[in-house]
$ cat structure_1.cif   # mmCIF, C-alpha atoms
data_upload
loop_
_atom_site.label_atom_id
_atom_site.label_comp_id
_atom_site.auth_asym_id
_atom_site.auth_seq_id
_atom_site.Cartn_x
_atom_site.Cartn_y
_atom_site.Cartn_z
CA MET A 170 29.92 5.46 -30.30
CA ASP A 171 26.60 6.42 -31.85
CA ASP A 172 22.95 5.91 -30.92
CA SER A 173 22.73 2.64 -32.80
CA ASP A 174 25.56 1.21 -30.66
CA PHE A 175 23.70 2.16 -27.51
CA THR A 176 20.42 0.79 -28.86
CA MET A 177 22.06 -2.48 -29.78
CA ALA A 178 23.82 -2.71 -26.40
CA PHE A 179 20.64 -1.89 -24.53
CA ALA A 180 18.62 -4.46 -26.45
CA TRP A 181 21.26 -7.13 -26.03
CA ARG A 182 21.76 -6.46 -22.31
CA SER A 183 17.98 -6.47 -21.72
CA PHE A 184 17.60 -9.75 -23.56
CA SER A 185 20.71 -11.23 -21.96
CA ILE A 186 19.59 -10.39 -18.42
CA GLY A 187 16.12 -11.77 -19.07
CA ILE A 188 17.28 -15.03 -20.59
CA ASP A 189 19.98 -15.47 -17.94
CA LYS A 190 17.24 -15.27 -15.30
CA LEU A 191 15.24 -17.89 -17.21
CA ILE A 192 18.30 -20.15 -17.42
CA ALA A 193 19.01 -19.78 -13.70
CA ASP A 194 15.37 -20.55 -12.91
CA ALA A 195 15.43 -23.61 -15.18
CA ARG A 196 18.66 -24.82 -13.50
CA SER A 197 17.15 -24.40 -10.03
CA LYS A 198 14.23 -26.59 -11.11
CA ASN A 199 16.48 -29.14 -12.87
CA SER A 200 14.56 -28.42 -16.05
CA ALA A 201 15.41 -30.00 -19.38
CA ASN A 202 15.05 -26.53 -20.92
CA VAL A 203 18.46 -25.31 -19.70
CA ASP A 204 20.22 -26.46 -22.89
CA LEU A 205 17.50 -25.01 -25.13
CA LEU A 206 17.59 -21.65 -23.35
CA THR A 207 21.40 -21.55 -23.49
CA GLN A 208 21.34 -22.31 -27.23
CA ALA A 209 18.68 -19.59 -27.74
CA ARG A 210 20.87 -17.08 -25.90
CA ASP A 211 23.94 -18.00 -27.97
CA LEU A 212 21.96 -17.80 -31.23
CA ALA A 213 20.48 -14.42 -30.27
CA GLN A 214 23.95 -13.15 -29.45
CA LYS A 215 25.20 -14.13 -32.92
CA ILE A 216 22.18 -12.47 -34.56
CA MET A 217 22.45 -9.26 -32.55
CA LEU A 218 26.19 -8.92 -32.88
CA GLY A 219 26.06 -9.39 -36.63
CA PRO A 220 27.67 -11.73 -39.14
CA GLU A 221 31.22 -10.60 -38.38
CA ASN A 222 30.59 -11.09 -34.64
CA GLN A 223 31.43 -7.43 -34.17
CA ASN A 224 31.90 -6.17 -30.66
CA ILE A 225 29.63 -3.64 -29.05
CA PRO A 226 31.74 -0.74 -27.78
CA PRO A 227 32.37 -1.05 -24.03
CA ALA A 228 31.01 2.46 -23.43
CA ALA A 229 27.70 1.47 -25.00
CA VAL A 230 27.54 -1.60 -22.75
CA ARG A 231 28.21 0.57 -19.67
CA TYR A 232 25.51 3.04 -20.69
CA ALA A 233 23.10 0.20 -21.36
CA ASP A 234 23.87 -1.34 -17.96
CA ASP A 235 23.31 2.03 -16.29
CA ALA A 236 20.03 2.49 -18.16
CA LEU A 237 18.82 -0.97 -17.16
CA ARG A 238 19.79 -0.34 -13.54
CA CYS A 239 17.84 2.93 -13.63
CA LEU A 240 14.82 1.13 -15.08
CA GLU A 241 14.98 -1.49 -12.31
CA GLU A 242 15.22 1.24 -9.66
CA LEU A 243 12.32 3.06 -11.29
CA GLN A 244 10.21 -0.10 -11.10
CA VAL A 245 11.04 -0.48 -7.40
CA LEU A 246 10.12 3.16 -6.80
CA ARG A 247 6.83 2.71 -8.67
CA GLU A 248 5.98 -0.30 -6.50
CA GLU A 249 6.88 1.62 -3.32
CA ASN A 250 4.79 4.56 -4.53
CA SER A 251 1.84 2.27 -5.15
CA THR A 252 2.19 0.82 -1.65
CA LEU A 253 2.36 4.31 -0.15
CA LYS A 254 -0.73 5.40 -2.08
CA THR A 255 -2.59 2.39 -0.71
CA GLN A 256 -1.47 3.21 2.83
CA VAL A 257 -2.48 6.86 2.46
CA ALA A 258 -5.88 5.85 1.11
CA ALA A 259 -6.35 3.47 4.06
CA ALA A 260 -5.32 6.20 6.49
CA LYS A 261 -7.85 8.59 4.94
CA ASN A 262 -10.57 6.00 5.47
CA VAL A 263 -10.09 6.11 9.23
CA SER A 264 -13.44 7.41 10.26
CA GLU A 265 -13.75 10.77 11.88
CA PRO A 266 -15.99 10.90 14.94
CA LYS A 267 -19.58 11.59 14.03
CA ASN A 268 -21.02 14.89 15.12
CA SER A 269 -23.60 13.07 17.26
CA HIS A 270 -20.78 11.30 19.12
CA LEU A 271 -19.08 14.59 19.87
CA LEU A 272 -22.37 16.13 20.99
CA ALA A 273 -23.04 13.21 23.33
CA ILE A 274 -19.63 13.65 24.91
CA ALA A 275 -20.03 17.42 25.17
CA GLY A 276 -23.48 17.04 26.73
CA MET A 277 -22.28 14.49 29.29
CA LEU A 278 -19.35 16.74 30.18
CA ARG A 279 -21.78 19.59 30.76
CA LEU A 280 -23.93 17.39 32.96
CA LEU A 281 -20.92 16.18 34.93
CA GLN A 282 -19.66 19.71 35.48
CA ASP A 283 -23.02 20.97 36.76
CA SER A 284 -22.55 21.42 40.51
CA ASN A 285 -26.32 20.97 41.14
CA ARG A 286 -26.57 17.79 39.08
CA PRO A 287 -29.03 15.07 39.98
CA ARG A 288 -28.23 11.36 39.76
CA TYR A 289 -28.46 10.34 36.09
CA ASN A 290 -29.19 7.11 34.31
CA GLN A 291 -28.85 6.48 30.58
CA ASP A 292 -32.37 7.66 29.78
CA SER A 293 -32.18 10.82 31.88
CA ILE A 294 -28.81 11.69 30.31
CA ALA A 295 -30.32 11.35 26.83
CA ARG A 296 -33.31 13.53 27.84
CA ALA A 297 -31.08 16.18 29.42
CA ILE A 298 -28.89 16.40 26.31
CA GLU A 299 -31.98 16.48 24.07
CA CYS A 300 -33.19 19.51 26.05
CA LEU A 301 -30.14 21.43 24.82
CA ASN A 302 -31.83 21.41 21.38
CA TRP A 303 -28.65 20.55 19.55
CA ARG A 304 -29.25 19.39 16.01
CA GLY A 305 -28.18 15.72 15.76
CA ALA A 306 -28.61 15.05 19.49
CA SER A 307 -32.09 13.53 19.67
CA HIS A 308 -33.21 11.27 22.52
CA SER A 309 -33.52 8.22 20.23
CA GLY A 310 -30.16 8.86 18.54
CA LEU A 311 -28.43 9.26 21.89
CA THR A 312 -30.06 6.11 23.26
CA LYS A 313 -28.78 4.12 20.26
CA LEU A 314 -25.35 5.71 20.62
CA PHE A 315 -25.21 4.83 24.32
CA ALA A 316 -26.17 1.22 23.51
CA GLU A 317 -23.35 1.03 20.93
CA ALA A 318 -20.93 2.56 23.42
CA LYS A 319 -21.96 0.07 26.10
CA LYS A 320 -21.44 -2.83 23.68
CA ALA A 321 -18.02 -1.48 22.67
CA ALA A 322 -17.04 -1.16 26.35
CA GLU A 323 -18.14 -4.74 27.04
CA ASP A 324 -16.12 -5.99 24.07
CA ALA A 325 -13.07 -4.00 25.19
CA GLU A 326 -13.37 -5.40 28.72
CA SER A 327 -13.64 -8.98 27.48
CA ASN A 328 -10.60 -8.45 25.21
CA ALA A 329 -8.65 -6.89 28.08
CA LYS A 330 -9.12 -10.02 30.19
CA PHE A 331 -7.18 -12.16 27.72
#

$ encode --input "structure_1.cif" --output "C-alpha cells"
Amino acid sequence: MDDSDFTMAFAWRSFSIGIDKLIADARSKNSANVDLLTQARDLAQKIMLGPENQNIPPAAVRYADDALRCLEELQVLREENSTLKTQVAAAKNVSEPKNSHLLAIAGMLRLLQDSNRPRYNQDSIARAIECLNWRGASHSGLTKLFAEAKKAAEDAESNAKF
C-alpha cells in the first residue's frame, strides 16, 4: 500500500460518507433527489476506482476510516473548546466589587463595632464614612450607593415573596 492508495481511499470515504448523509436526508424528506444522488454516488465510485474497477486495498480503507473518525473527533473537540472559551470569557466578565462598595461596607462595619456609637441614619452613615477621608468614599458617592443598595434589597424582597 502506498500513499496514493491512502489518498484515494480517504477521498472516496470522505465523499461516500458525505453523499450517504445527503441520500439519507433526501429519503427522510421523501425527496425526488434520492435516485439522482444514488446515481451520482455510483458514478463517482466508478470514476474514483478507475476503469478496471480496481479495489482499494483494505488497509487503506481502514486508515482512511480512522483518519475520518479522528477528523470528526477533532471537530467535536474544537466545538467544545469554543464553548469553553465562551464560558470562560463570560465568567471573567462577572464584575468584581467596586472599591467604593468595599469601602462602604468597611466603614459601616467600623461604625457598627464602635461601642460608643450613636444612632445612625443613611445620611449620618455617609457623613461618618466620609470623615475617614478614604479616597472613593465621598458623601455623594455613598448616598448614591446606599440608594442602589436599597433598591436592590427591595427587588430581592419582592422576588423572594414569589

$ atom_distance --input "structure_1.cif" --atom1 "CA of His308 (chain A)" --atom2 "CA of Arg296 (chain A)"
5.8 Å

$ residues_around --input "structure_1.cif" --residues "Gln291 (chain A)" --least-positions-apart "2" --cutoff "8 Å" --atoms "all atoms listed in the file" --output "list in words"
Tyr289, Ser293, Ile294, Ala295, Thr312 and Phe315 of chain A

$ resolve_selection --input "structure_1.cif" --expression "the PyMOL selection byres ((chain A and resi 206-209) around 10)" --output "count of residues only"
17
